[in-house]
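Here is data.tsv, consisting of TSV, C-alpha atoms:
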chain	number	residue	atom	x	y	z
Y	1	MET	CA	9.42	17.64	-8.34
Y	2	HIS	CA	8.36	20.50	-10.65
Y	3	LYS	CA	6.00	18.10	-12.45
Y	4	SER	CA	4.39	16.85	-9.24
Y	5	TRP	CA	3.51	20.19	-7.64
Y	6	TRP	CA	-0.19	19.78	-8.42
Y	7	LYS	CA	-0.24	16.34	-6.81
Y	8	ILE	CA	1.31	17.75	-3.65
Y	9	LEU	CA	-1.24	20.57	-3.81
Y	10	ALA	CA	-4.08	18.04	-4.10
Y	11	VAL	CA	-2.95	16.24	-0.94
Y	12	VAL	CA	-2.46	19.50	0.96
Y	13	LEU	CA	-5.91	20.77	-0.05
Y	14	LEU	CA	-7.66	17.58	1.02
Y	15	VAL	CA	-5.79	17.44	4.32
Y	16	TYR	CA	-6.84	21.04	4.86
Y	17	THR	CA	-10.42	20.14	3.91
Y	18	PHE	CA	-10.62	17.30	6.43
Y	19	ILE	CA	-8.97	19.19	9.30
Y	20	ALA	CA	-10.55	22.62	8.76
Y	21	GLY	CA	-13.86	21.05	7.80
Y	22	ILE	CA	-14.07	19.39	11.18
Y	23	LEU	CA	-12.63	22.16	13.33
Y	24	ILE	CA	-13.99	25.42	11.92
Y	25	GLU	CA	-16.96	27.18	13.46
Y	26	VAL	CA	-20.12	26.56	11.39
Y	27	PRO	CA	-23.54	28.25	11.44
Y	28	ARG	CA	-25.79	26.72	14.12
Y	29	ASN	CA	-28.69	25.97	11.84
Y	30	PRO	CA	-31.39	24.17	13.87
Y	31	GLN	CA	-32.12	21.72	11.06
Y	32	LEU	CA	-28.60	20.96	9.89
Y	33	GLN	CA	-26.55	21.25	13.08
Y	34	GLU	CA	-23.12	19.65	12.58
Y	35	THR	CA	-24.22	17.84	9.38
Y	36	ILE	CA	-23.61	21.08	7.50
Y	37	ARG	CA	-19.95	20.04	7.38
Y	38	ASN	CA	-20.93	17.46	4.77
Y	39	LEU	CA	-21.03	20.38	2.33
Y	40	PHE	CA	-17.25	20.01	1.97
Y	41	PHE	CA	-17.62	16.41	0.84
Y	42	HIS	CA	-21.00	15.80	-0.81
Y	43	VAL	CA	-21.23	19.02	-2.83
Y	44	CYS	CA	-17.51	19.28	-3.59
Y	45	MET	CA	-17.40	15.70	-4.84
Y	46	TRP	CA	-20.25	16.53	-7.22
Y	47	PHE	CA	-18.30	19.54	-8.50
Y	48	GLY	CA	-15.31	17.25	-9.02
Y	49	MET	CA	-17.52	14.75	-10.84
Y	50	MET	CA	-18.80	17.44	-13.21
Y	51	ILE	CA	-15.27	18.62	-14.03
Y	52	LEU	CA	-14.11	15.06	-14.69
Y	53	PHE	CA	-17.08	14.41	-16.96
Y	54	ILE	CA	-16.29	17.63	-18.84
Y	55	ILE	CA	-12.70	16.46	-19.37
Y	56	SER	CA	-14.00	13.07	-20.56
Y	57	PHE	CA	-16.38	14.84	-22.94
Y	58	VAL	CA	-13.59	17.00	-24.39
Y	59	GLN	CA	-11.36	13.94	-24.81
Y	60	ALA	CA	-14.16	12.11	-26.66
Y	61	ILE	CA	-14.58	15.00	-29.10
Y	62	THR	CA	-10.81	15.23	-29.53
Y	63	TYR	CA	-10.69	11.52	-30.40
Y	64	LEU	CA	-13.41	11.92	-33.05
Y	65	ARG	CA	-11.45	14.82	-34.56
Y	66	THR	CA	-7.96	13.28	-34.46
Y	67	GLY	CA	-8.50	9.52	-34.23
Y	68	LYS	CA	-5.66	9.26	-31.71
Y	69	HIS	CA	-6.12	6.29	-29.38
Y	70	ILE	CA	-4.74	8.13	-26.35
Y	71	HIS	CA	-7.78	10.40	-26.29
Y	72	ASP	CA	-10.14	7.43	-26.25
Y	73	ILE	CA	-8.25	5.96	-23.30
Y	74	ALA	CA	-8.32	9.31	-21.48
Y	75	SER	CA	-12.03	9.74	-22.14
Y	76	ARG	CA	-12.76	6.30	-20.69
Y	77	GLN	CA	-10.65	6.76	-17.58
Y	78	TYR	CA	-11.92	10.24	-16.74
Y	79	ALA	CA	-15.48	8.99	-17.12
Y	80	GLY	CA	-14.75	6.06	-14.81
Y	81	VAL	CA	-13.32	8.29	-12.08
Y	82	GLY	CA	-16.21	10.70	-12.59
Y	83	ILE	CA	-18.65	7.86	-11.94
Y	84	LEU	CA	-16.74	6.99	-8.76
Y	85	PHE	CA	-17.02	10.56	-7.53
Y	86	GLY	CA	-20.69	10.58	-8.49
Y	87	LEU	CA	-21.33	7.47	-6.40
Y	88	LEU	CA	-19.46	8.92	-3.45
Y	89	GLY	CA	-21.43	12.15	-3.78
Y	90	TYR	CA	-24.68	10.22	-4.04
Y	91	ILE	CA	-23.91	8.16	-0.93
Y	92	THR	CA	-22.84	11.15	1.15
Y	93	GLY	CA	-25.94	13.02	-0.02
Y	94	ALA	CA	-28.20	10.10	0.88
Y	95	ILE	CA	-26.67	9.94	4.37
Y	96	TRP	CA	-27.07	13.71	4.75
Y	97	MET	CA	-30.72	13.71	3.73
Y	98	SER	CA	-31.51	10.88	6.15
Y	99	TYR	CA	-30.68	13.32	8.97
Y	100	THR	CA	-32.12	16.53	7.54
Y	101	TRP	CA	-35.09	15.66	5.33
Y	102	ILE	CA	-37.02	13.40	7.69
Y	103	ASP	CA	-40.19	15.21	8.75
Y	104	SER	CA	-40.84	14.70	12.46
Y	105	ASN	CA	-44.53	15.35	11.85
Y	106	LYS	CA	-44.77	12.43	9.44
Y	107	SER	CA	-44.26	8.73	9.87
Y	108	PHE	CA	-40.96	7.26	8.73
Y	109	TYR	CA	-42.71	5.53	5.81
Y	110	ASP	CA	-44.29	8.78	4.57
Y	111	SER	CA	-41.01	10.64	4.92
Y	112	PHE	CA	-39.08	7.89	3.12
Y	113	ASP	CA	-41.70	7.80	0.37
Y	114	SER	CA	-41.37	11.53	-0.27
Y	115	ILE	CA	-37.58	11.29	-0.28
Y	116	ALA	CA	-37.65	8.34	-2.69
Y	117	ARG	CA	-39.58	10.52	-5.14
Y	118	GLU	CA	-37.12	13.39	-4.79
Y	119	PRO	CA	-36.37	14.71	-8.34
Y	120	LYS	CA	-32.73	15.48	-7.54
Y	121	LEU	CA	-32.05	11.92	-6.38
Y	122	ILE	CA	-33.88	10.39	-9.33
Y	123	GLY	CA	-32.10	12.65	-11.79
Y	124	ALA	CA	-28.69	11.88	-10.28
Y	125	ALA	CA	-29.40	8.15	-10.40
Y	126	ILE	CA	-30.42	8.39	-14.06
Y	127	ALA	CA	-27.26	10.32	-14.94
Y	128	LEU	CA	-25.01	7.79	-13.20
Y	129	LEU	CA	-26.83	4.88	-14.84
Y	130	ILE	CA	-26.35	6.47	-18.26
Y	131	TYR	CA	-22.62	6.73	-17.64
Y	132	ALA	CA	-22.53	3.19	-16.23
Y	133	ALA	CA	-24.12	2.03	-19.49
Y	134	TYR	CA	-21.21	3.76	-21.25
Y	135	LEU	CA	-18.78	1.39	-19.51
Y	136	VAL	CA	-20.95	-1.63	-20.30
Y	137	LEU	CA	-21.14	-0.58	-23.96
Y	138	ARG	CA	-17.37	-0.35	-24.23
Y	139	ASP	CA	-16.87	-3.81	-22.75
Y	140	SER	CA	-19.41	-5.32	-25.15
Y	141	ILE	CA	-17.46	-4.30	-28.28
Y	142	THR	CA	-14.31	-6.18	-29.16
Y	143	ASP	CA	-13.07	-4.23	-32.20
Y	144	MET	CA	-10.85	-1.45	-30.83
Y	145	ASP	CA	-11.58	1.22	-33.46
Y	146	LYS	CA	-15.31	0.54	-33.47
Y	147	LYS	CA	-15.35	0.57	-29.67
Y	148	ALA	CA	-13.58	3.93	-29.56
Y	149	ARG	CA	-15.85	5.61	-32.12
Y	150	ILE	CA	-19.13	4.35	-30.66
Y	151	SER	CA	-17.98	5.09	-27.10
Y	152	ALA	CA	-17.01	8.64	-28.03
Y	153	VAL	CA	-20.42	9.31	-29.58
Y	154	TYR	CA	-22.18	7.79	-26.57
Y	155	ASN	CA	-20.02	9.85	-24.22
Y	156	ILE	CA	-21.26	13.02	-25.93
Y	157	PHE	CA	-24.85	11.80	-25.52
Y	158	ALA	CA	-24.27	10.98	-21.84
Y	159	PHE	CA	-22.79	14.42	-21.21
Y	160	ALA	CA	-25.75	16.08	-22.94
Y	161	MET	CA	-28.13	14.16	-20.65
Y	162	LEU	CA	-26.14	15.09	-17.55
Y	163	PHE	CA	-27.36	18.68	-17.38
Y	164	PRO	CA	-31.12	18.07	-17.83
Y	165	SER	CA	-31.16	15.17	-15.35
Y	166	ILE	CA	-29.13	16.88	-12.60
Y	167	TRP	CA	-29.43	20.63	-13.07
Y	168	ILE	CA	-32.47	21.53	-15.19
Y	169	ILE	CA	-35.38	19.14	-14.51
Y	170	PRO	CA	-34.96	19.06	-10.69
Y	171	ARG	CA	-35.10	22.88	-10.66
Y	172	LEU	CA	-38.47	22.81	-12.41
Y	173	LEU	CA	-40.09	20.35	-9.99
Y	174	PRO	CA	-41.02	20.61	-6.30
Y	175	SER	CA	-37.98	19.43	-4.36
Y	176	LEU	CA	-36.55	19.38	-0.86
Y	177	HIS	CA	-33.12	19.95	-2.34
Y	178	PRO	CA	-31.92	23.58	-2.52
Y	179	GLY	CA	-31.58	23.09	-6.28
Y	180	GLY	CA	-35.33	22.46	-6.64
Y	181	SER	CA	-38.14	24.89	-7.44
Y	182	GLU	CA	-39.18	24.99	-3.78
Y	183	GLY	CA	-35.94	24.03	-2.15
Y	184	ASN	CA	-35.03	23.68	1.49
Y	185	PRO	CA	-33.98	26.99	3.03
Y	186	ALA	CA	-31.92	25.15	5.62
Y	187	LEU	CA	-29.67	23.83	2.86
Y	188	ASP	CA	-29.20	27.10	0.97
Y	189	PHE	CA	-25.48	27.67	0.35
Y	190	LYS	CA	-26.12	31.42	0.27
Y	191	ASP	CA	-26.43	31.18	4.04
Y	192	ALA	CA	-22.98	29.66	4.41
Y	193	SER	CA	-20.54	31.60	6.55
Y	194	MET	CA	-17.23	33.03	5.36
Y	195	ASN	CA	-15.44	30.28	7.32
Y	196	MET	CA	-17.27	27.66	5.26
Y	197	ARG	CA	-16.41	29.38	1.99
Y	198	LEU	CA	-12.73	29.33	2.96
Y	199	VAL	CA	-12.96	25.53	3.05
Y	200	PHE	CA	-15.54	24.99	0.32
Y	201	TYR	CA	-13.55	26.31	-2.65
Y	202	PRO	CA	-10.24	24.62	-1.72
Y	203	ALA	CA	-12.23	21.40	-1.23
Y	204	ILE	CA	-13.53	21.59	-4.80
Y	205	ALA	CA	-9.99	22.07	-6.08
Y	206	GLY	CA	-8.65	19.26	-3.88
Y	207	TRP	CA	-11.24	16.67	-4.88
Y	208	THR	CA	-10.88	17.61	-8.55
Y	209	LEU	CA	-7.09	17.32	-8.51
Y	210	ILE	CA	-7.30	13.95	-6.75
Y	211	GLY	CA	-9.72	12.78	-9.44
Y	212	VAL	CA	-7.39	13.95	-12.20
Y	213	TRP	CA	-4.47	12.24	-10.45
Y	214	ILE	CA	-6.35	8.94	-10.27
Y	215	ALA	CA	-7.37	9.22	-13.91
Y	216	THR	CA	-3.81	9.92	-15.10
Y	217	LEU	CA	-2.55	6.90	-13.17
Y	218	LYS	CA	-5.21	4.72	-14.79
Y	219	ILE	CA	-4.29	6.09	-18.23
Y	220	ARG	CA	-0.62	5.26	-17.70
Y	221	LEU	CA	-1.50	1.77	-16.45
Y	222	LYS	CA	-3.71	1.16	-19.49
Y	223	LEU	CA	-0.95	2.23	-21.86
Y	224	ILE	CA	1.57	-0.02	-20.10
Y	225	ASN	CA	-0.77	-3.01	-20.31
Y	226	GLU	CA	-1.37	-2.41	-24.03
Y	227	GLN	CA	2.37	-2.16	-24.69
Y	228	ARG	CA	2.91	-5.48	-22.93
Y	229	LEU	CA	0.20	-7.13	-25.01
Y	230	MET	CA	1.86	-5.87	-28.22
Y	231	GLN	CA	5.27	-7.31	-27.29

In structure tokens, write the structure found in this file.
Amino acid sequence: MHKSWWKILAVVLLVYTFIAGILIEVPRNPQLQETIRNLFFHVCMWFGMMILFIISFVQAITYLRTGKHIHDIASRQYAGVGILFGLLGYITGAIWMSYTWIDSNKSFYDSFDSIAREPKLIGAAIALLIYAAYLVLRDSITDMDKKARISAVYNIFAFAMLFPSIWIIPRLLPSLHPGGSEGNPALDFKDASMNMRLVFYPAIAGWTLIGVWIATLKIRLKLINEQRLMQ
């Protein structure tokens, strides 16, 4: 039980996120309305994704320094779960923007066209595609040692591209997203109430711990499968 406390904590935090996220009083922003509750899912999943990618990055560097196979496996699995969280964050963000970024003064086509050229969405898509290419690269190499070395180097490259594509470039360009140079005041987290902050931070911890839990299970499964193949 003493080794599983963080798993129990992850479940408790997510249950709290879902229940409190639905029931708490939220600011009555005329543009966001009840969709503001998506902050606990979309944004927090992205935070979880970033933390998982950081762990994958550290594991890749550790493999290059030590040559231990376990670090290569860990780097691969954390990256895979990070991609999953990224896709979930992308989908929840796309749903959110469809309700909040549509300009009633424009036609649907013009609104959709402006959203499709949104720097934050394009940057996020590029980052996820770069990490998806990481998985494809691994599967295309059969030699285990060569696969691990090349994958570790590519992982470092992918992590280096993550920040410009998601955090830096979108902030320099006109954007509806609050992370852009213009931003959307209705989506500014600085306007979030104290009630929302009491859910927001536990949600980040909950999603991150769930991601780590999934990754550790996948690492153990990979090790078991390799042991069976060696027998």

Expected axis-aligned box over every listed atom of segment 218-225 of chain Y, 8 Å added per side, centre plus edges in Å to one decimal, as AutoDock Vina command-line options:
--center_x -1.8 --center_y 1.5 --center_z -18.3 --size_x 22.8 --size_y 25.1 --size_z 23.1

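Across the structure, atom CA of Ala79 of chain Y and atom CA of Ile214 of chain Y are spaced 11.4 Å apart.
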
Counting all atoms listed in the file, the option among Y:Leu129, Y:Ile24, Y:Ala74, Y:Met97 closest to Phe57 of chain Y: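 Nearest to Phe57 of chain Y: Y:Ala74.
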
Two-atom distance - atom CA of Leu229 of chain Y, atom CA of Asp139 of chain Y (Å):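 Between atom CA of Leu229 of chain Y and atom CA of Asp139 of chain Y the gap is 17.5 Å.
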
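Proximity to Trp96 of chain Y was assessed for Y:Arg171, Y:Arg228, Y:His42, Y:Arg197 counting all atoms listed in the file; the smallest distance is recorded for Y:His42.
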
Separation of atom CA of Met144 of chain Y from atom CA of Glu226 of chain Y, in Å and rounded to one decimal: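 Result for atom CA of Met144 of chain Y versus atom CA of Glu226 of chain Y: 11.7 Å, one decimal.
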
From Y:Ile156, Y:Ala132, Y:Val199, Y:Ala60, residue lying nearest Phe18 of chain Y [only C-alpha atoms]: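 That would be Y:Val199, the residue with the smallest distance to Phe18 of chain Y.
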
Long-range neighbours of Ile204 of chain Y as a VMD selection string, 8 Å cut-off, only C-alpha atoms, 6 positions minimum in chain: chain Y and resid 40 44 to 45 47 to 48

Since we have the selection now, will you write its residues out, keeping C-alpha atoms, as an mmCIF file, in the coordinates of the input?
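Dumped everything to part21.cif:
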data_model
loop_
_atom_site.group_PDB
_atom_site.id
_atom_site.type_symbol
_atom_site.label_atom_id
_atom_site.label_comp_id
_atom_site.auth_asym_id
_atom_site.auth_seq_id
_atom_site.Cartn_x
_atom_site.Cartn_y
_atom_site.Cartn_z
ATOM 1 C CA PHE Y 40 -17.250 20.010 1.970
ATOM 2 C CA CYS Y 44 -17.510 19.280 -3.590
ATOM 3 C CA MET Y 45 -17.400 15.700 -4.840
ATOM 4 C CA PHE Y 47 -18.300 19.540 -8.500
ATOM 5 C CA GLY Y 48 -15.310 17.250 -9.020
#

For Ala133 of chain Y: contacts at 12 Å, only C-alpha atoms, fewer than 5 positions along chain excluded, given as a PyMOL selection string: chain Y and resi 79-80+83+126-128+138-140+151+154-155+157-158

Quick one: residues within 10 Å of Ile150 of chain Y, all atoms listed in the file counted, chain neighbours fewer than 3 positions away excluded, as a CSV table (one decimal) with C-alpha atoms, in the frame of the given file?
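Just written: result_8.csv:
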chain,number,residue,atom,x,y,z
Y,64,LEU,CA,-13.4,11.9,-33.0
Y,134,TYR,CA,-21.2,3.8,-21.2
Y,137,LEU,CA,-21.1,-0.6,-24.0
Y,138,ARG,CA,-17.4,-0.4,-24.2
Y,141,ILE,CA,-17.5,-4.3,-28.3
Y,145,ASP,CA,-11.6,1.2,-33.5
Y,146,LYS,CA,-15.3,0.5,-33.5
Y,147,LYS,CA,-15.4,0.6,-29.7
Y,153,VAL,CA,-20.4,9.3,-29.6
Y,154,TYR,CA,-22.2,7.8,-26.6
Y,155,ASN,CA,-20.0,9.8,-24.2

Contact residues around Arg37 of chain Y with all atoms listed in the file at 12 Å, ignoring same-chain residues under 6 positions, as number ranges by chain: Y: 17-29, 43-44, 92-93, 96, 187, 189, 192-193, 195-197, 199-200, 203

As a PDB file with C-alpha atoms, in the coordinates of the input, please: the residues near segment 164-170 of chain Y (cut-off 6 Å, only C-alpha atoms, same-chain neighbours under 4 positions excluded).
ATOM      1  CA  PRO Y 119     -36.370  14.710  -8.340  1.00  0.00           C
ATOM      2  CA  LYS Y 120     -32.730  15.480  -7.540  1.00  0.00           C
ATOM      3  CA  GLY Y 123     -32.100  12.650 -11.790  1.00  0.00           C
ATOM      4  CA  ALA Y 124     -28.690  11.880 -10.280  1.00  0.00           C
ATOM      5  CA  GLY Y 180     -35.330  22.460  -6.640  1.00  0.00           C
TER       6      GLY Y 180
END

Please output segment 63-79 of chain Y, rebuilt to include N, CA and C atoms, as a compact mmCIF listing (two decimals), keeping the file's coordinate frame.
# COMPACT_ATOMS: atom_id res chain seq x y z
N TYR Y 63 -10.93 12.79 -29.71
CA TYR Y 63 -10.69 11.52 -30.40
C TYR Y 63 -11.40 11.49 -31.75
N LEU Y 64 -12.66 11.93 -31.79
CA LEU Y 64 -13.41 11.92 -33.05
C LEU Y 64 -12.76 12.83 -34.09
N ARG Y 65 -12.10 13.88 -33.63
CA ARG Y 65 -11.45 14.82 -34.56
C ARG Y 65 -10.10 14.31 -35.03
N THR Y 66 -9.34 13.66 -34.14
CA THR Y 66 -7.96 13.28 -34.46
C THR Y 66 -7.78 11.79 -34.71
N GLY Y 67 -8.64 10.97 -34.09
CA GLY Y 67 -8.50 9.52 -34.23
C GLY Y 67 -7.38 8.94 -33.41
N LYS Y 68 -6.77 9.73 -32.52
CA LYS Y 68 -5.66 9.26 -31.71
C LYS Y 68 -6.19 8.43 -30.54
N HIS Y 69 -5.63 7.25 -30.37
CA HIS Y 69 -6.12 6.29 -29.38
C HIS Y 69 -5.98 6.79 -27.95
N ILE Y 70 -4.97 7.63 -27.70
CA ILE Y 70 -4.74 8.13 -26.35
C ILE Y 70 -5.93 8.92 -25.83
N HIS Y 71 -6.63 9.61 -26.71
CA HIS Y 71 -7.78 10.40 -26.29
C HIS Y 71 -8.97 9.51 -25.93
N ASP Y 72 -9.08 8.39 -26.61
CA ASP Y 72 -10.14 7.43 -26.25
C ASP Y 72 -9.88 6.84 -24.87
N ILE Y 73 -8.61 6.50 -24.61
CA ILE Y 73 -8.25 5.96 -23.30
C ILE Y 73 -8.52 7.00 -22.21
N ALA Y 74 -8.11 8.24 -22.47
CA ALA Y 74 -8.32 9.31 -21.48
C ALA Y 74 -9.80 9.54 -21.23
N SER Y 75 -10.59 9.53 -22.29
CA SER Y 75 -12.03 9.74 -22.14
C SER Y 75 -12.65 8.66 -21.26
N ARG Y 76 -12.24 7.43 -21.48
CA ARG Y 76 -12.76 6.30 -20.69
C ARG Y 76 -12.36 6.42 -19.23
N GLN Y 77 -11.12 6.74 -18.96
CA GLN Y 77 -10.65 6.76 -17.58
C GLN Y 77 -11.21 7.95 -16.79
N TYR Y 78 -11.32 9.10 -17.42
CA TYR Y 78 -11.92 10.24 -16.74
C TYR Y 78 -13.39 9.99 -16.45
N ALA Y 79 -14.08 9.33 -17.36
CA ALA Y 79 -15.48 8.99 -17.12
C ALA Y 79 -15.61 8.01 -15.96
